[in-house]
file upload02.cif (mmCIF, C-alpha atoms)
data_model
#
loop_
_atom_site.label_atom_id
_atom_site.label_comp_id
_atom_site.auth_asym_id
_atom_site.auth_seq_id
_atom_site.Cartn_x
_atom_site.Cartn_y
_atom_site.Cartn_z
CA MET A 1 -4.57 42.38 7.65
CA LEU A 2 -2.42 39.60 9.01
CA ARG A 3 -2.86 36.08 7.69
CA TYR A 4 -1.58 32.80 9.08
CA SER A 5 -0.82 29.64 7.15
CA SER A 6 -0.73 27.22 10.06
CA PHE A 7 -0.12 26.83 13.76
CA ASP A 8 1.40 24.20 15.98
CA ILE A 9 2.22 23.45 19.60
CA VAL A 10 5.99 23.81 20.02
CA PHE A 11 8.46 23.39 22.87
CA GLN A 12 11.73 24.98 21.72
CA GLU A 13 10.87 28.45 20.44
CA VAL A 14 10.23 30.05 23.84
CA PRO A 15 12.26 28.78 26.82
CA ASP A 16 10.28 26.82 29.42
CA GLU A 17 6.96 27.40 27.65
CA VAL A 18 4.45 25.19 25.83
CA THR A 19 3.82 27.50 22.93
CA LEU A 20 1.08 27.91 20.37
CA ALA A 21 3.10 29.17 17.38
CA LEU A 22 1.17 30.93 14.62
CA ASN A 23 2.97 31.09 11.25
CA ILE A 24 2.24 34.54 9.83
CA THR A 25 2.47 34.97 6.05
CA ARG A 26 3.60 37.83 3.76
CA CYS A 27 7.05 38.04 5.34
CA PRO A 28 8.86 41.00 3.78
CA ASN A 29 12.35 39.91 4.89
CA HIS A 30 13.01 37.10 2.38
CA CYS A 31 16.10 35.89 4.24
CA ARG A 32 18.48 33.74 2.22
CA GLY A 33 18.26 30.14 3.45
CA CYS A 34 14.88 30.73 5.11
CA HIS A 35 13.40 27.45 6.39
CA SER A 36 9.85 28.65 5.57
CA PRO A 37 9.93 30.51 2.22
CA TRP A 38 6.22 29.79 1.63
CA LEU A 39 5.58 32.34 4.40
CA TRP A 40 6.73 35.04 1.95
CA GLU A 41 3.52 34.51 -0.03
CA ASP A 42 0.17 36.27 0.45
CA ILE A 43 -1.63 33.11 1.53
CA GLY A 44 -3.52 31.80 4.52
CA THR A 45 -6.46 32.62 6.72
CA PRO A 46 -7.11 36.13 8.03
CA LEU A 47 -6.00 36.42 11.65
CA ASP A 48 -8.30 38.65 13.66
CA GLU A 49 -9.29 38.76 17.33
CA SER A 50 -12.13 36.28 16.90
CA VAL A 51 -10.08 33.68 15.02
CA LEU A 52 -7.20 34.03 17.47
CA SER A 53 -9.52 33.59 20.46
CA GLN A 54 -11.06 30.45 18.93
CA ILE A 55 -7.66 28.88 18.31
CA ILE A 56 -6.49 29.66 21.84
CA GLU A 57 -9.72 28.32 23.39
CA ASN A 58 -9.09 24.99 21.64
CA TYR A 59 -5.76 24.66 23.48
CA ARG A 60 -6.51 26.49 26.71
CA GLY A 61 -5.05 24.61 29.65
CA GLU A 62 -2.49 22.94 27.39
CA ILE A 63 -0.43 25.98 26.37
CA THR A 64 1.41 28.62 28.39
CA CYS A 65 2.40 31.00 25.59
CA VAL A 66 1.22 32.32 22.22
CA CYS A 67 3.96 33.18 19.72
CA PHE A 68 3.53 35.16 16.54
CA MET A 69 6.07 33.72 14.10
CA GLY A 70 6.54 36.68 11.78
CA GLY A 71 4.19 39.54 11.16
CA ASP A 72 6.87 42.03 10.13
CA ILE A 73 4.49 43.21 7.41
CA SER A 74 2.36 44.79 10.19
CA PRO A 75 4.14 45.08 13.58
CA ARG A 76 1.36 47.23 15.10
CA ARG A 77 -1.19 44.52 14.31
CA VAL A 78 1.02 41.89 15.97
CA GLU A 79 1.28 44.13 19.03
CA ASP A 80 -2.50 44.65 19.11
CA LEU A 81 -3.11 40.89 18.96
CA SER A 82 -0.57 40.32 21.73
CA LYS A 83 -2.35 42.87 23.91
CA GLN A 84 -5.65 41.11 23.21
CA VAL A 85 -4.21 37.73 24.25
CA ARG A 86 -2.80 39.18 27.46
CA ALA A 87 -6.11 40.88 28.33
CA GLN A 88 -8.38 37.97 27.44
CA PHE A 89 -6.10 35.17 28.62
CA PRO A 90 -4.01 36.64 31.47
CA GLU A 91 -2.55 33.23 32.30
CA LEU A 92 -0.75 33.15 28.93
CA LYS A 93 2.50 34.76 27.92
CA THR A 94 3.10 36.19 24.46
CA ALA A 95 6.10 36.17 22.16
CA TRP A 96 7.00 37.64 18.79
CA TYR A 97 9.57 36.20 16.40
CA SER A 98 10.53 39.14 14.21
CA GLY A 99 13.04 39.15 11.41
CA ARG A 100 13.77 42.81 12.00
CA ASP A 101 17.16 43.69 13.40
CA VAL A 102 15.74 46.23 15.87
CA LEU A 103 12.37 46.65 17.50
CA PRO A 104 10.30 49.20 15.56
CA GLU A 105 10.10 52.50 17.47
CA GLU A 106 6.31 52.43 17.53
CA ILE A 107 6.23 49.04 19.30
CA ASN A 108 6.17 48.85 23.09
CA ALA A 109 8.26 45.87 24.23
CA GLU A 110 6.03 45.56 27.31
CA SER A 111 3.24 44.31 25.04
CA PHE A 112 5.10 40.99 24.95
CA ASN A 113 6.87 38.65 27.37
CA TYR A 114 9.47 37.59 24.79
CA ILE A 115 10.77 39.07 21.55
CA LYS A 116 13.19 37.47 19.08
CA LEU A 117 14.91 39.96 16.79
CA GLY A 118 17.23 39.51 13.83
CA ARG A 119 17.15 38.44 10.23
CA TYR A 120 18.21 34.88 9.55
CA CYS A 121 21.77 34.89 8.17
CA GLU A 122 22.64 31.53 6.69
CA THR A 123 26.34 31.91 7.48
CA LEU A 124 25.68 32.82 11.13
CA GLY A 125 22.94 30.31 11.89
CA GLY A 126 19.79 30.50 13.98
CA LEU A 127 19.31 30.90 17.72
CA ARG A 128 21.10 27.63 18.53
CA SER A 129 24.30 28.86 16.88
CA ARG A 130 26.84 30.64 19.07
CA THR A 131 27.64 32.87 16.07
CA THR A 132 24.04 33.93 15.40
CA ASN A 133 23.10 37.55 14.89
CA GLN A 134 19.60 36.80 16.20
CA ARG A 135 18.69 37.61 19.80
CA MET A 136 15.93 36.40 22.11
CA TYR A 137 14.84 38.85 24.78
CA LYS A 138 12.76 38.32 27.89
CA ILE A 139 10.88 41.50 28.66
CA GLN A 140 11.35 42.54 32.28
CA ASP A 141 8.68 44.16 34.47
CA ASP A 142 10.32 47.57 33.96
CA GLY A 143 10.21 47.13 30.17
CA THR A 144 13.89 46.42 29.66
CA MET A 145 14.83 43.69 27.22
CA LEU A 146 17.06 41.05 28.82
CA ASP A 147 19.08 39.09 26.26
CA ILE A 148 18.54 35.38 26.99
CA THR A 149 19.90 34.03 23.69
CA THR A 150 22.45 31.84 25.45
CA VAL A 151 19.69 29.52 26.74
CA PHE A 152 19.42 28.16 23.20
CA TYR A 153 23.09 27.15 22.96
CA GLY A 154 22.82 24.03 25.07
CA SER A 155 25.96 22.36 26.33
#

call {"tool": "encode", "arguments": {"input": "upload02.cif", "output": "structure tokens"}}
result
Amino acid sequence: MLRYSSFDIVFQEVPDEVTLALNITRCPNHCRGCHSPWLWEDIGTPLDESVLSQIIENYRGEITCVCFMGGDISPRRVEDLSKQVRAQFPELKTAWYSGRDVLPEEINAESFNYIKLGRYCETLGGLRSRTTNQRMYKIQDDGTMLDITTVFYGS
């Protein structure tokens, strides 16, 4: 079961979207220099379809995207929740911030609109760093993953 510790409305994690970001706990990656090490712990509220729907309903009309920040402990569950959001709230996009370096074979990229992949490497920096190993992908209609990481670099 997935659990979340908190959520917030954010503007920088997904380009051109007002995003409801859910912070998923029990992260198995334990990246050195992680900005949210408390998300490694088995804490938080269970995240199921009902809870997710209630949270989204509270912000419906204000958000354009739902982003699962983590969830690498159970990628299939993240995918299932993304599918639920897209079916129940077709006006919303979905995104997944994964610390995995590659998309798990059992996950269909088309279940999301955006996917961020890559462990955080302190020496390489996050998405805003031109040397980052992390990549943000926009999922195209044909299922291909278009690398849009450069939108985070700024000028």

call {"tool": "residues_around", "arguments": {"input": "upload02.cif", "residues": "A:Tyr4", "least_positions_apart": "2", "cutoff": "9 Å", "atoms": "only C-alpha atoms", "output": "compact mmCIF listing (two decimals) with C-alpha atoms, in the coordinates of the input"}}
result
# COMPACT_ATOMS: atom_id res chain seq x y z
CA LEU A 2 -2.42 39.60 9.01
CA SER A 6 -0.73 27.22 10.06
CA PHE A 7 -0.12 26.83 13.76
CA LEU A 22 1.17 30.93 14.62
CA ASN A 23 2.97 31.09 11.25
CA ILE A 24 2.24 34.54 9.83
CA THR A 25 2.47 34.97 6.05
CA ARG A 26 3.60 37.83 3.76
CA LEU A 39 5.58 32.34 4.40
CA ILE A 43 -1.63 33.11 1.53
CA GLY A 44 -3.52 31.80 4.52
CA THR A 45 -6.46 32.62 6.72
CA PRO A 46 -7.11 36.13 8.03
CA LEU A 47 -6.00 36.42 11.65

call {"tool": "atom_distance", "arguments": {"input": "upload02.cif", "atom1": "atom CA of A:Thr94", "atom2": "atom CA of A:Thr123"}}
result
29.1 Å

call {"tool": "residues_near_point", "arguments": {"input": "upload02.cif", "point": "(9.2, 37.6, 0.5)", "cutoff": "8 Å", "atoms": "only C-alpha atoms", "output": "list in words"}}
result
Arg26, Cys27, Pro28, Asn29, His30, Pro37, Leu39, Trp40 and Glu41 of chain A

call {"tool": "write_last_selection", "arguments": {"input": "upload02.cif", "atoms": "C-alpha atoms", "output": "short mmCIF file (atom, residue, chain, number, x, y, z; two decimals), keeping the file's coordinate frame"}}
result
data_model
loop_
_atom_site.label_atom_id
_atom_site.label_comp_id
_atom_site.auth_asym_id
_atom_site.auth_seq_id
_atom_site.Cartn_x
_atom_site.Cartn_y
_atom_site.Cartn_z
CA ARG A 26 3.60 37.83 3.76
CA CYS A 27 7.05 38.04 5.34
CA PRO A 28 8.86 41.00 3.78
CA ASN A 29 12.35 39.91 4.89
CA HIS A 30 13.01 37.10 2.38
CA PRO A 37 9.93 30.51 2.22
CA LEU A 39 5.58 32.34 4.40
CA TRP A 40 6.73 35.04 1.95
CA GLU A 41 3.52 34.51 -0.03
#

call {"tool": "residues_around", "arguments": {"input": "upload02.cif", "residues": "A:Thr19", "least_positions_apart": "4", "cutoff": "7 Å", "atoms": "all atoms listed in the file", "output": "ChimeraX atom specification"}}
result
/A:9-11,14,63-67

call {"tool": "resolve_selection", "arguments": {"input": "upload02.cif", "expression": "the PyMOL selection byres ((chain A and resi 137) around 7)", "output": "PyMOL selection string"}}
result
chain A and resi 114-116+135-136+138-139+145-148

call {"tool": "residues_around", "arguments": {"input": "upload02.cif", "residues": "A:Ser50", "least_positions_apart": "4", "cutoff": "12 Å", "atoms": "only C-alpha atoms", "output": "VMD selection string"}}
result
chain A and resid 46 54 to 57 81 84 to 85 88

call {"tool": "resolve_selection", "arguments": {"input": "upload02.cif", "expression": "the PyMOL selection byres ((chain A and resi 153) around 10)", "output": "ChimeraX atom specification"}}
result
/A:127-130,149-152,154-155

call {"tool": "atom_distance", "arguments": {"input": "upload02.cif", "atom1": "atom CA of A:Arg100", "atom2": "atom CA of A:Asn133"}}
result
11.1 Å

call {"tool": "resolve_selection", "arguments": {"input": "upload02.cif", "expression": "the PyMOL selection byres ((chain A and resi 97) around 8)", "output": "PyMOL selection string"}}
result
chain A and resi 67-70+95-96+98-99+115-117

call {"tool": "write_last_selection", "arguments": {"input": "upload02.cif", "atoms": "C-alpha atoms", "output": "PDB file, in the coordinates of the input"}}
result
ATOM      1  CA  CYS A  67       3.960  33.180  19.720  1.00  0.00           C
ATOM      2  CA  PHE A  68       3.530  35.160  16.540  1.00  0.00           C
ATOM      3  CA  MET A  69       6.070  33.720  14.100  1.00  0.00           C
ATOM      4  CA  GLY A  70       6.540  36.680  11.780  1.00  0.00           C
ATOM      5  CA  ALA A  95       6.100  36.170  22.160  1.00  0.00           C
ATOM      6  CA  TRP A  96       7.000  37.640  18.790  1.00  0.00           C
ATOM      7  CA  SER A  98      10.530  39.140  14.210  1.00  0.00           C
ATOM      8  CA  GLY A  99      13.040  39.150  11.410  1.00  0.00           C
ATOM      9  CA  ILE A 115      10.770  39.070  21.550  1.00  0.00           C
ATOM     10  CA  LYS A 116      13.190  37.470  19.080  1.00  0.00           C
ATOM     11  CA  LEU A 117      14.910  39.960  16.790  1.00  0.00           C
TER      12      LEU A 117
END

call {"tool": "atom_distance", "arguments": {"input": "upload02.cif", "atom1": "atom CA of A:Glu122", "atom2": "atom CA of A:Val102"}}
result
18.7 Å

call {"tool": "residues_around", "arguments": {"input": "upload02.cif", "residues": "A:Ala109", "least_positions_apart": "2", "cutoff": "7 Å", "atoms": "only C-alpha atoms", "output": "NGL selection string"}}
result
:A and (107 or 111-112 or 139 or 143)

call {"tool": "write_last_selection", "arguments": {"input": "upload02.cif", "atoms": "C-alpha atoms", "output": "short mmCIF file (atom, residue, chain, number, x, y, z; two decimals), in the coordinates of the input"}}
result
data_model
loop_
_atom_site.label_atom_id
_atom_site.label_comp_id
_atom_site.auth_asym_id
_atom_site.auth_seq_id
_atom_site.Cartn_x
_atom_site.Cartn_y
_atom_site.Cartn_z
CA ILE A 107 6.23 49.04 19.30
CA SER A 111 3.24 44.31 25.04
CA PHE A 112 5.10 40.99 24.95
CA ILE A 139 10.88 41.50 28.66
CA GLY A 143 10.21 47.13 30.17
#

call {"tool": "closest_residue", "arguments": {"input": "upload02.cif", "among": "A:Asn58, A:Asn108, A:Gln12, A:Ser36", "to": "A:Asp80", "atoms": "only C-alpha atoms"}}
result
A:Asn108

call {"tool": "axis_aligned_box", "arguments": {"input": "upload02.cif", "around": "stretch 77-93 of chain A", "padding_each_side": "8 Å", "output": "AutoDock Vina command-line options"}}
result
--center_x -2.9 --center_y 38.9 --center_z 23.3 --size_x 26.9 --size_y 27.5 --size_z 34.0

call {"tool": "build_atoms", "arguments": {"input": "upload02.cif", "residues": "stretch 48-74 of chain A", "atoms": "N, CA and C atoms", "output": "PDB file, keeping the file's coordinate frame"}}
result
ATOM      1  N   ASP A  48      -7.722  37.548  12.903  1.00  0.00           N
ATOM      2  CA  ASP A  48      -8.300  38.650  13.660  1.00  0.00           C
ATOM      3  C   ASP A  48      -8.538  38.193  15.091  1.00  0.00           C
ATOM      4  N   GLU A  49      -9.094  39.065  15.911  1.00  0.00           N
ATOM      5  CA  GLU A  49      -9.290  38.760  17.330  1.00  0.00           C
ATOM      6  C   GLU A  49     -10.166  37.524  17.541  1.00  0.00           C
ATOM      7  N   SER A  50     -11.211  37.404  16.744  1.00  0.00           N
ATOM      8  CA  SER A  50     -12.130  36.280  16.900  1.00  0.00           C
ATOM      9  C   SER A  50     -11.468  34.946  16.562  1.00  0.00           C
ATOM     10  N   VAL A  51     -10.771  34.909  15.436  1.00  0.00           N
ATOM     11  CA  VAL A  51     -10.080  33.680  15.020  1.00  0.00           C
ATOM     12  C   VAL A  51      -9.013  33.309  16.045  1.00  0.00           C
ATOM     13  N   LEU A  52      -8.248  34.296  16.486  1.00  0.00           N
ATOM     14  CA  LEU A  52      -7.200  34.030  17.470  1.00  0.00           C
ATOM     15  C   LEU A  52      -7.791  33.481  18.764  1.00  0.00           C
ATOM     16  N   SER A  53      -8.875  34.070  19.227  1.00  0.00           N
ATOM     17  CA  SER A  53      -9.520  33.590  20.460  1.00  0.00           C
ATOM     18  C   SER A  53     -10.007  32.155  20.316  1.00  0.00           C
ATOM     19  N   GLN A  54     -10.576  31.820  19.161  1.00  0.00           N
ATOM     20  CA  GLN A  54     -11.060  30.450  18.930  1.00  0.00           C
ATOM     21  C   GLN A  54      -9.905  29.446  18.967  1.00  0.00           C
ATOM     22  N   ILE A  55      -8.816  29.788  18.314  1.00  0.00           N
ATOM     23  CA  ILE A  55      -7.660  28.880  18.310  1.00  0.00           C
ATOM     24  C   ILE A  55      -7.153  28.675  19.733  1.00  0.00           C
ATOM     25  N   ILE A  56      -6.997  29.768  20.467  1.00  0.00           N
ATOM     26  CA  ILE A  56      -6.490  29.660  21.840  1.00  0.00           C
ATOM     27  C   ILE A  56      -7.440  28.851  22.709  1.00  0.00           C
ATOM     28  N   GLU A  57      -8.730  29.070  22.583  1.00  0.00           N
ATOM     29  CA  GLU A  57      -9.720  28.320  23.390  1.00  0.00           C
ATOM     30  C   GLU A  57      -9.577  26.819  23.160  1.00  0.00           C
ATOM     31  N   ASN A  58      -9.254  26.425  21.936  1.00  0.00           N
ATOM     32  CA  ASN A  58      -9.090  24.990  21.640  1.00  0.00           C
ATOM     33  C   ASN A  58      -7.921  24.362  22.377  1.00  0.00           C
ATOM     34  N   TYR A  59      -6.958  25.185  22.817  1.00  0.00           N
ATOM     35  CA  TYR A  59      -5.760  24.660  23.480  1.00  0.00           C
ATOM     36  C   TYR A  59      -5.591  25.204  24.891  1.00  0.00           C
ATOM     37  N   ARG A  60      -6.586  25.908  25.372  1.00  0.00           N
ATOM     38  CA  ARG A  60      -6.510  26.490  26.710  1.00  0.00           C
ATOM     39  C   ARG A  60      -6.295  25.385  27.735  1.00  0.00           C
ATOM     40  N   GLY A  61      -5.399  25.613  28.657  1.00  0.00           N
ATOM     41  CA  GLY A  61      -5.050  24.610  29.650  1.00  0.00           C
ATOM     42  C   GLY A  61      -3.903  23.724  29.208  1.00  0.00           C
ATOM     43  N   GLU A  62      -3.595  23.737  27.922  1.00  0.00           N
ATOM     44  CA  GLU A  62      -2.490  22.940  27.390  1.00  0.00           C
ATOM     45  C   GLU A  62      -1.286  23.798  27.037  1.00  0.00           C
ATOM     46  N   ILE A  63      -1.506  25.088  26.776  1.00  0.00           N
ATOM     47  CA  ILE A  63      -0.430  25.980  26.370  1.00  0.00           C
ATOM     48  C   ILE A  63      -0.158  27.009  27.467  1.00  0.00           C
ATOM     49  N   THR A  64       1.052  27.560  27.438  1.00  0.00           N
ATOM     50  CA  THR A  64       1.410  28.620  28.390  1.00  0.00           C
ATOM     51  C   THR A  64       1.813  29.907  27.689  1.00  0.00           C
ATOM     52  N   CYS A  65       1.913  29.844  26.347  1.00  0.00           N
ATOM     53  CA  CYS A  65       2.400  31.000  25.590  1.00  0.00           C
ATOM     54  C   CYS A  65       1.816  30.976  24.182  1.00  0.00           C
ATOM     55  N   VAL A  66       1.615  32.167  23.628  1.00  0.00           N
ATOM     56  CA  VAL A  66       1.220  32.320  22.220  1.00  0.00           C
ATOM     57  C   VAL A  66       2.335  33.100  21.534  1.00  0.00           C
ATOM     58  N   CYS A  67       2.848  32.539  20.432  1.00  0.00           N
ATOM     59  CA  CYS A  67       3.960  33.180  19.720  1.00  0.00           C
ATOM     60  C   CYS A  67       3.548  33.482  18.284  1.00  0.00           C
ATOM     61  N   PHE A  68       3.767  34.721  17.905  1.00  0.00           N
ATOM     62  CA  PHE A  68       3.530  35.160  16.540  1.00  0.00           C
ATOM     63  C   PHE A  68       4.844  34.989  15.782  1.00  0.00           C
ATOM     64  N   MET A  69       4.871  34.023  14.874  1.00  0.00           N
ATOM     65  CA  MET A  69       6.070  33.720  14.100  1.00  0.00           C
ATOM     66  C   MET A  69       6.009  34.558  12.830  1.00  0.00           C
ATOM     67  N   GLY A  70       6.608  35.744  12.894  1.00  0.00           N
ATOM     68  CA  GLY A  70       6.540  36.680  11.780  1.00  0.00           C
ATOM     69  C   GLY A  70       5.547  37.784  12.071  1.00  0.00           C
ATOM     70  N   GLY A  71       5.093  38.410  11.002  1.00  0.00           N
ATOM     71  CA  GLY A  71       4.190  39.540  11.160  1.00  0.00           C
ATOM     72  C   GLY A  71       4.886  40.865  10.918  1.00  0.00           C
ATOM     73  N   ASP A  72       6.106  40.803  10.383  1.00  0.00           N
ATOM     74  CA  ASP A  72       6.870  42.030  10.130  1.00  0.00           C
ATOM     75  C   ASP A  72       6.195  42.936   9.102  1.00  0.00           C
ATOM     76  N   ILE A  73       5.237  42.409   8.370  1.00  0.00           N
ATOM     77  CA  ILE A  73       4.490  43.210   7.410  1.00  0.00           C
ATOM     78  C   ILE A  73       3.597  44.223   8.142  1.00  0.00           C
ATOM     79  N   SER A  74       3.253  43.925   9.419  1.00  0.00           N
ATOM     80  CA  SER A  74       2.360  44.790  10.190  1.00  0.00           C
ATOM     81  C   SER A  74       2.638  44.664  11.696  1.00  0.00           C
TER      82      SER A  74
END
